[in-house]
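Listing of input18.tsv, TSV, C-alpha atoms and all ligand atoms
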```tsv
chain	number	residue	atom	x	y	z
A	246	MET	CA	54.02	145.04	12.13
A	247	LYS	CA	51.58	145.83	14.94
A	248	LYS	CA	52.85	145.55	18.48
A	249	ILE	CA	51.05	143.84	21.30
A	250	LEU	CA	52.01	143.73	24.97
A	251	LEU	CA	51.04	140.54	26.80
A	252	VAL	CA	50.71	141.02	30.54
A	253	ASP	CA	50.07	138.06	32.83
A	254	ASP	CA	51.85	136.61	35.85
A	255	SER	CA	51.30	133.09	34.53
A	256	ARG	CA	54.04	131.91	32.20
A	257	ALA	CA	51.65	129.37	30.67
A	258	VAL	CA	49.02	132.02	29.91
A	259	ARG	CA	51.66	134.30	28.39
A	260	ALA	CA	52.86	131.43	26.20
A	261	PHE	CA	49.31	130.89	24.95
A	262	MET	CA	48.80	134.62	24.36
A	263	ARG	CA	52.11	134.73	22.46
A	264	LYS	CA	51.14	131.83	20.23
A	265	VAL	CA	47.78	133.40	19.40
A	266	ALA	CA	49.12	136.93	18.91
A	267	SER	CA	52.01	135.74	16.73
A	268	SER	CA	49.67	133.77	14.51
A	269	LEU	CA	47.60	136.95	14.10
A	270	GLY	CA	50.71	138.76	12.88
A	271	PHE	CA	51.61	140.78	15.98
A	272	GLU	CA	55.07	141.51	17.26
A	273	THR	CA	54.83	140.45	20.90
A	274	THR	CA	56.38	141.73	24.12
A	275	GLU	CA	55.66	140.25	27.54
A	276	ALA	CA	55.44	141.44	31.12
A	277	GLU	CA	54.63	139.49	34.27
A	278	ASN	CA	53.08	142.35	36.23
A	279	GLY	CA	51.77	145.87	35.78
A	280	GLU	CA	54.91	147.61	36.94
A	281	GLN	CA	57.03	145.78	34.39
A	282	ALA	CA	54.42	146.49	31.71
A	283	LEU	CA	54.48	150.20	32.52
A	284	GLY	CA	58.26	150.29	32.12
A	285	ILE	CA	57.92	148.57	28.74
A	286	VAL	CA	55.22	150.99	27.57
A	287	ARG	CA	57.45	153.92	28.50
A	288	ALA	CA	60.43	152.41	26.67
A	289	MET	CA	58.61	151.39	23.49
A	290	LYS	CA	57.81	153.94	20.84
A	291	ARG	CA	54.42	152.46	20.12
A	292	VAL	CA	52.17	149.75	21.48
A	293	ASP	CA	48.99	149.00	19.54
A	294	ALA	CA	47.27	146.62	21.92
A	295	VAL	CA	47.55	145.14	25.42
A	296	LEU	CA	46.15	141.83	26.64
A	297	LEU	CA	45.94	142.48	30.35
A	298	ASP	CA	45.51	140.07	33.22
A	299	TRP	CA	43.70	141.37	36.28
A	300	ASN	CA	45.28	139.54	39.21
A	301	MET	CA	49.04	139.92	39.35
A	302	PRO	CA	51.57	140.57	42.12
A	303	VAL	CA	53.40	143.91	42.43
A	304	MET	CA	50.91	145.87	40.31
A	305	ASP	CA	47.59	144.42	39.20
A	306	GLY	CA	45.86	144.95	35.87
A	307	LEU	CA	43.45	147.65	36.99
A	308	SER	CA	46.23	149.75	38.59
A	309	PHE	CA	48.31	149.36	35.43
A	310	LEU	CA	45.36	150.39	33.27
A	311	LYS	CA	44.80	153.56	35.31
A	312	ALA	CA	48.51	154.43	35.17
A	313	LEU	CA	48.64	153.67	31.43
A	314	ARG	CA	45.77	156.02	30.65
A	315	ARG	CA	47.64	158.84	32.43
A	316	GLU	CA	50.79	158.29	30.35
A	317	PRO	CA	51.48	161.03	27.80
A	318	LEU	CA	51.70	158.64	24.84
A	319	GLU	CA	51.26	159.74	21.25
A	320	THR	CA	48.75	156.94	20.76
A	321	GLN	CA	47.11	154.97	23.55
A	322	PRO	CA	46.94	151.22	22.98
A	323	ALA	CA	43.68	149.30	22.90
A	324	VAL	CA	43.38	147.33	26.15
A	325	VAL	CA	41.61	144.00	26.47
A	326	MET	CA	41.19	142.93	30.11
A	327	CYS	CA	41.40	139.19	30.72
A	328	THR	CA	39.15	138.35	33.64
A	329	THR	CA	38.06	135.36	35.63
A	330	GLU	CA	34.48	134.79	36.72
A	331	ASN	CA	35.27	136.25	40.16
A	332	GLU	CA	36.37	139.51	38.60
A	333	MET	CA	33.30	139.91	36.40
A	334	PRO	CA	31.43	142.12	38.89
A	335	ARG	CA	34.28	144.64	38.64
A	336	ILE	CA	34.38	144.76	34.85
A	337	VAL	CA	32.36	147.98	34.77
A	338	GLU	CA	35.11	149.59	36.83
A	339	ALA	CA	37.72	148.41	34.33
A	340	MET	CA	35.72	149.70	31.37
A	341	SER	CA	35.28	153.10	33.00
A	342	ALA	CA	39.02	153.15	33.79
A	343	GLY	CA	39.68	152.89	30.06
A	344	ALA	CA	39.59	149.22	29.07
A	345	ASN	CA	38.29	148.77	25.51
A	346	GLU	CA	37.13	145.20	25.85
A	347	TYR	CA	37.30	142.19	28.12
A	348	ILE	CA	37.73	138.46	27.72
A	349	MET	CA	36.67	135.78	30.14
A	350	LYS	CA	39.34	133.25	31.07
A	351	PRO	CA	39.94	130.59	29.91
A	352	PHE	CA	39.86	132.06	26.42
A	353	THR	CA	40.29	130.57	22.99
A	354	GLU	CA	42.26	131.75	19.98
A	355	GLU	CA	38.98	132.58	18.22
A	356	ILE	CA	37.79	134.83	21.06
A	357	VAL	CA	41.10	136.71	21.17
A	358	ARG	CA	40.90	137.31	17.42
A	359	GLU	CA	37.29	138.52	17.67
A	360	LYS	CA	38.07	140.93	20.50
A	361	LEU	CA	41.15	142.36	18.80
A	362	GLU	CA	39.09	142.84	15.66
A	363	GLY	CA	36.41	144.48	17.74
A	364	VAL	CA	38.77	147.08	19.17
A	365	GLY	CA	40.12	147.80	15.69
A	366	VAL	CA	43.69	146.52	15.89
A	367	LEU	CA	43.18	143.66	13.43
A	401	MG	MG	47.04	136.41	37.19
```
What's the structure tokens form of this structure?
Ligand SMILES: [Mg+2]
Amino acid sequence: MKKILLVDDSRAVRAFMRKVASSLGFETTEAENGEQALGIVRAMKRVDAVLLDWNMPVMDGLSFLKALRREPLETQPAVVMCTTENEMPRIVEAMSAGANEYIMKPFTEEIVREKLEGVGVL
């Protein structure tokens, strides 16, 4: 079973991500900020994909992404950044920091499926 890490400070968004990811056949793990997500990545043997919020307290999505890409993992997960309209101008920065794709919030189940297919984890 493929593993996906769902990172968002909103419990409601995480619940939606979990519902979508589960229905797509992923085993899900959740984190509410980048620091927590980094701890999880280090503890897990393998993570196939990350749905990553941008704005979070403690450690935001971009900082997490940069830290993640420096981790000596056997396989790096595919990262899909979840952005709001305000964050769109910075999406180039996220892509050059190693994001594989991005989704505009609010997103639908169909969009999540398309993006995960696009990055090759489905
Ligand atoms: Mg947020």
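Taking atom CA of A:Met246 and atom CA of A:Asn300 as the two end points, the separation is 29.0 Å.
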Give me the residues of chain A that have any atom at most 10 Å from an atom of ligand MG 401 (chain A); for each, the nearest atom pair and the distance in Å, rounded to one decimal. Use only C-alpha atoms and all ligand atoms, sort by chain and number, and format it as a Markdown table.
```
| residue | atom | partner | partner_atom | distance |
| --- | --- | --- | --- | --- |
| A:Val252 | CA | A:MG401 | MG | 8.9 |
| A:Asp253 | CA | A:MG401 | MG | 5.6 |
| A:Asp254 | CA | A:MG401 | MG | 5.0 |
| A:Ser255 | CA | A:MG401 | MG | 6.0 |
| A:Arg256 | CA | A:MG401 | MG | 9.7 |
| A:Val258 | CA | A:MG401 | MG | 8.7 |
| A:Glu277 | CA | A:MG401 | MG | 8.7 |
| A:Asn278 | CA | A:MG401 | MG | 8.5 |
| A:Leu297 | CA | A:MG401 | MG | 9.2 |
| A:Asp298 | CA | A:MG401 | MG | 5.6 |
| A:Trp299 | CA | A:MG401 | MG | 6.0 |
| A:Asn300 | CA | A:MG401 | MG | 4.1 |
| A:Met301 | CA | A:MG401 | MG | 4.6 |
| A:Pro302 | CA | A:MG401 | MG | 7.9 |
| A:Asp305 | CA | A:MG401 | MG | 8.3 |
| A:Gly306 | CA | A:MG401 | MG | 8.7 |
| A:Cys327 | CA | A:MG401 | MG | 9.0 |
| A:Thr328 | CA | A:MG401 | MG | 8.9 |
| A:Thr329 | CA | A:MG401 | MG | 9.2 |
```
Query raised in the report: Using all atoms listed in the file, which of the listed residues (A:Ala344, A:Leu313, A:Ala323, A:Leu269) sits closest to A:Ala294?
Result: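 Comparing A:Ala344, A:Leu313, A:Ala323, A:Leu269 against A:Ala294, the winner is A:Ala323.
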Report task. Can you work out the spacing between atom CA of A:Gln281 and atom CA of A:Ala257 in Å, to one decimal? Result ->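 Computed distance, atom CA of A:Gln281 to atom CA of A:Ala257, equals 17.7 Å.
Going from atom CA of A:Gly279 over to atom CA of A:Gly363, you cover 23.7 Å.
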Query raised in the report: Got a sec: who's within 10 Å of A:Lys360, counting only C-alpha atoms, leaving out chain neighbours fewer than 5 positions off, as number ranges by chain?
Result: A: 325, 345-348, 355, 365-367
Query raised in the report: With distances taken over all atoms listed in the file, which of A:Phe309, A:Glu354, A:Glu359, A:Glu280 is nearest to A:Lys264?
Result: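 For A:Lys264, the nearest of the given residues is A:Glu354.
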Report task. Show me as a PyMOL selection string the residues that reach within 10 Å of (34.4, 136.9, 33.1), counting all atoms listed in the file and using the file's own coordinates. Result -> chain A and resi 326-336+347-352
Kindly reconstruct stretch 249-278 of chain A with N, CA and C atoms and present the result as an mmCIF file, in the frame of the given file.
```
data_model
loop_
_atom_site.group_PDB
_atom_site.id
_atom_site.type_symbol
_atom_site.label_atom_id
_atom_site.label_comp_id
_atom_site.auth_asym_id
_atom_site.auth_seq_id
_atom_site.Cartn_x
_atom_site.Cartn_y
_atom_site.Cartn_z
ATOM 1 N N ILE A 249 51.963 144.168 20.211
ATOM 2 C CA ILE A 249 51.050 143.840 21.300
ATOM 3 C C ILE A 249 51.857 143.503 22.549
ATOM 4 N N LEU A 250 51.382 143.998 23.680
ATOM 5 C CA LEU A 250 52.010 143.730 24.970
ATOM 6 C C LEU A 250 51.149 142.726 25.721
ATOM 7 N N LEU A 251 51.760 141.625 26.134
ATOM 8 C CA LEU A 251 51.040 140.540 26.800
ATOM 9 C C LEU A 251 51.405 140.561 28.271
ATOM 10 N N VAL A 252 50.425 140.835 29.120
ATOM 11 C CA VAL A 252 50.710 141.020 30.540
ATOM 12 C C VAL A 252 49.947 140.003 31.376
ATOM 13 N N ASP A 253 50.683 139.082 31.978
ATOM 14 C CA ASP A 253 50.070 138.060 32.830
ATOM 15 C C ASP A 253 51.161 137.470 33.710
ATOM 16 N N ASP A 254 50.831 137.187 34.959
ATOM 17 C CA ASP A 254 51.850 136.610 35.850
ATOM 18 C C ASP A 254 52.047 135.117 35.607
ATOM 19 N N SER A 255 51.151 134.503 34.846
ATOM 20 C CA SER A 255 51.300 133.090 34.530
ATOM 21 C C SER A 255 52.090 132.905 33.237
ATOM 22 N N ARG A 256 53.193 132.181 33.367
ATOM 23 C CA ARG A 256 54.040 131.910 32.200
ATOM 24 C C ARG A 256 53.259 131.134 31.137
ATOM 25 N N ALA A 257 52.424 130.202 31.600
ATOM 26 C CA ALA A 257 51.650 129.370 30.670
ATOM 27 C C ALA A 257 50.642 130.222 29.888
ATOM 28 N N VAL A 258 49.983 131.147 30.593
ATOM 29 C CA VAL A 258 49.020 132.020 29.910
ATOM 30 C C VAL A 258 49.742 132.912 28.905
ATOM 31 N N ARG A 259 50.891 133.453 29.318
ATOM 32 C CA ARG A 259 51.660 134.300 28.390
ATOM 33 C C ARG A 259 52.073 133.513 27.143
ATOM 34 N N ALA A 260 52.456 132.263 27.338
ATOM 35 C CA ALA A 260 52.860 131.430 26.200
ATOM 36 C C ALA A 260 51.691 131.245 25.236
ATOM 37 N N PHE A 261 50.496 131.044 25.786
ATOM 38 C CA PHE A 261 49.310 130.890 24.950
ATOM 39 C C PHE A 261 48.993 132.197 24.215
ATOM 40 N N MET A 262 49.044 133.300 24.972
ATOM 41 C CA MET A 262 48.800 134.620 24.360
ATOM 42 C C MET A 262 49.794 134.863 23.218
ATOM 43 N N ARG A 263 51.057 134.496 23.461
ATOM 44 C CA ARG A 263 52.110 134.730 22.460
ATOM 45 C C ARG A 263 51.831 133.943 21.195
ATOM 46 N N LYS A 264 51.428 132.685 21.374
ATOM 47 C CA LYS A 264 51.140 131.830 20.230
ATOM 48 C C LYS A 264 49.999 132.421 19.400
ATOM 49 N N VAL A 265 48.942 132.836 20.093
ATOM 50 C CA VAL A 265 47.780 133.400 19.400
ATOM 51 C C VAL A 265 48.151 134.722 18.702
ATOM 52 N N ALA A 266 48.801 135.607 19.452
ATOM 53 C CA ALA A 266 49.120 136.930 18.910
ATOM 54 C C ALA A 266 50.091 136.826 17.727
ATOM 55 N N SER A 267 51.056 135.938 17.833
ATOM 56 C CA SER A 267 52.010 135.740 16.730
ATOM 57 C C SER A 267 51.296 135.254 15.489
ATOM 58 N N SER A 268 50.376 134.313 15.676
ATOM 59 C CA SER A 268 49.670 133.770 14.510
ATOM 60 C C SER A 268 48.762 134.825 13.878
ATOM 61 N N LEU A 269 48.411 135.851 14.649
ATOM 62 C CA LEU A 269 47.600 136.950 14.100
ATOM 63 C C LEU A 269 48.484 138.044 13.497
ATOM 64 N N GLY A 270 49.789 137.838 13.542
ATOM 65 C CA GLY A 270 50.710 138.760 12.880
ATOM 66 C C GLY A 270 51.253 139.883 13.757
ATOM 67 N N PHE A 271 51.082 139.757 15.075
ATOM 68 C CA PHE A 271 51.610 140.780 15.980
ATOM 69 C C PHE A 271 53.061 140.509 16.347
ATOM 70 N N GLU A 272 53.779 141.603 16.600
ATOM 71 C CA GLU A 272 55.070 141.510 17.260
ATOM 72 C C GLU A 272 54.775 141.550 18.754
ATOM 73 N N THR A 273 55.232 140.566 19.498
ATOM 74 C CA THR A 273 54.830 140.450 20.900
ATOM 75 C C THR A 273 55.935 140.856 21.877
ATOM 76 N N THR A 274 55.511 141.443 22.987
ATOM 77 C CA THR A 274 56.380 141.730 24.120
ATOM 78 C C THR A 274 55.619 141.277 25.353
ATOM 79 N N GLU A 275 56.342 140.792 26.366
ATOM 80 C CA GLU A 275 55.660 140.250 27.540
ATOM 81 C C GLU A 275 56.084 140.921 28.830
ATOM 82 N N ALA A 276 55.135 140.968 29.768
ATOM 83 C CA ALA A 276 55.440 141.440 31.120
ATOM 84 C C ALA A 276 54.696 140.557 32.103
ATOM 85 N N GLU A 277 55.282 140.375 33.304
ATOM 86 C CA GLU A 277 54.630 139.490 34.270
ATOM 87 C C GLU A 277 53.876 140.238 35.361
ATOM 88 N N ASN A 278 53.926 141.572 35.311
ATOM 89 C CA ASN A 278 53.080 142.350 36.230
ATOM 90 C C ASN A 278 52.933 143.765 35.659
#
```
